[in-house]
Amino acid sequence: MENIGNIILGIMIPFVGTTLGAACVYFMKKGIRQNVEKGLLGFASGVMVAASVWSLLIPSMNLSADLGRLAFLPAVTGFFCGILFLLFLDGHVPHLHIGCDEPEGPSCTLKKNTMLVLAVTLHNIPEGMAVGVMFAGLLTANSGITLAGAFALSVGIAIQNFPEGAIISLPLRSESGMSRKKAFAMGTLSGIVEPIGALATIAAYRYLEPVLPVLLALAAGAMIYVVVEELIPESAQGSHSDMGTIGFAVGFVLMMILDVALG
């Protein structure tokens, strides 16, 4: 029962981060300033890159240590599978990024606000996978994954989810004229995929045990795709690009500290 309680708490922490960020729409009358937004995007990128390395790729290779010099093979396989998975979703799910006029993916008749939420939802899929795989590994014997390490990943993702929730709810309020209540709901809704994906992964942990190293790396590849394809380019566009770089450094170091100190 204690394990179940810890797992539920662990998978809900990132969702709480998104919800708290979306709640900024009740306290901030205007949208986020450009330099702040770029800093937050950079911060999220740093957290995700550090989490991919310390919390996912390194454990993946440690779990494959019995392969000797080929211990990298499951990590490499999973990493590229994660890249291809997000590449597929990016091309087949209609979505619109904040600040862009042209939607990506197949043509559709969805409203702009819906496609904005879908864009952030795509970002959250690999994060939900990562948390789910970590806690599935916690339930697996001899995985080497600790409760503290799993919580470190959850807390790190929750921290970077806070600005993501704010970045979607505030523009919906200031640029689209949406009510605070609806903008908050849309921002929160964008993060619901994380606990759902994590729960689905944990429910199947007995079947996933043989491929756990691949799945850890798959989550890492998916997160790196989001960082390279979307977050870093958005933080580097126009002026104040140095804020994105500073934010990246802060996010990377913070996640590294969390993982090493708690893991």
# chains A, B, ... in the order shown; residues from 1 in each chain; ligands from 1
call {"tool": "residues_around", "arguments": {"residues": "A:Ile13", "least_positions_apart": "4", "cutoff": "10 Å", "atoms": "only C-alpha atoms", "output": "list in words"}}
result
Ile8, Leu9, Gly17, Thr18, Thr19, Val131, Phe151, Leu153, Ser154, Val155, Gly156, Ile157, Ala158, Ile159, Asn161, Glu194 and Pro195 of chain A
call {"tool": "select_by_dssp", "arguments": {"residues": "stretch 13-50 of chain A", "states": "helix (DSSP H, G or I)", "output": "ChimeraX atom specification"}}
result
/A:13-26,34-50
call {"tool": "closest_residue", "arguments": {"among": "A:Ser52, A:Ser179, A:Gln34, A:Asn3", "to": "A:Met256", "atoms": "only C-alpha atoms"}}
result
A:Ser52
call {"tool": "closest_atom_pairs", "arguments": {"of": "stretch 50-168 of chain A", "to": "stretch 203-215 of chain A", "cutoff": "10 Å", "atoms": "only C-alpha atoms", "output": "Markdown table"}}
result
| residue | atom | partner | partner_atom | distance |
| --- | --- | --- | --- | --- |
| A:Leu56 | CA | A:Pro213 | CA | 8.5 |
| A:Leu57 | CA | A:Pro213 | CA | 8.3 |
| A:Ile58 | CA | A:Pro213 | CA | 9.6 |
| A:Pro59 | CA | A:Pro213 | CA | 7.5 |
| A:Ser60 | CA | A:Pro213 | CA | 4.2 |
| A:Met61 | CA | A:Pro213 | CA | 6.9 |
| A:Asn62 | CA | A:Pro213 | CA | 8.4 |
| A:Leu63 | CA | A:Pro213 | CA | 6.1 |
| A:Ser64 | CA | A:Pro213 | CA | 6.8 |
| A:Ala71 | CA | A:Pro213 | CA | 9.7 |
| A:Phe72 | CA | A:Pro213 | CA | 9.7 |
| A:Leu73 | CA | A:Val214 | CA | 8.7 |
| A:Pro74 | CA | A:Val214 | CA | 5.0 |
| A:Ala75 | CA | A:Val214 | CA | 5.6 |
| A:Val76 | CA | A:Val214 | CA | 8.1 |
| A:Thr77 | CA | A:Val214 | CA | 6.6 |
| A:Gly78 | CA | A:Val214 | CA | 4.4 |
| A:Phe79 | CA | A:Val214 | CA | 7.6 |
| A:Phe80 | CA | A:Val214 | CA | 9.9 |
| A:Cys81 | CA | A:Val214 | CA | 8.7 |
| A:Gly82 | CA | A:Leu215 | CA | 8.6 |
| A:Met129 | CA | A:Leu215 | CA | 8.6 |
| A:Ala130 | CA | A:Leu215 | CA | 8.4 |
| A:Gly132 | CA | A:Tyr205 | CA | 9.1 |
| A:Val133 | CA | A:Leu215 | CA | 6.8 |
| A:Met134 | CA | A:Leu212 | CA | 9.1 |
| A:Phe135 | CA | A:Tyr205 | CA | 8.8 |
| A:Ala136 | CA | A:Tyr205 | CA | 5.2 |
| A:Gly137 | CA | A:Leu212 | CA | 7.0 |
| A:Leu138 | CA | A:Tyr205 | CA | 9.5 |
| A:Leu139 | CA | A:Tyr205 | CA | 7.5 |
| A:Thr140 | CA | A:Glu209 | CA | 6.5 |
| A:Ala141 | CA | A:Glu209 | CA | 8.8 |
| A:Ser143 | CA | A:Leu212 | CA | 8.6 |
call {"tool": "residues_around", "arguments": {"residues": "stretch 181-189 of chain A", "least_positions_apart": "2", "cutoff": "10 Å", "atoms": "only C-alpha atoms", "output": "ChimeraX atom specification"}}
result
/A:15-26,113-114,116-118,120-121,164-174,176-179,191-193
call {"tool": "atom_distance", "arguments": {"atom1": "atom CA of A:Ile196", "atom2": "atom CA of A:Phe162"}}
result
18.4 Å
call {"tool": "closest_residue", "arguments": {"among": "A:Met28, A:Val36, A:Ala222, A:Phe248", "to": "A:Leu89", "atoms": "only C-alpha atoms"}}
result
A:Ala222
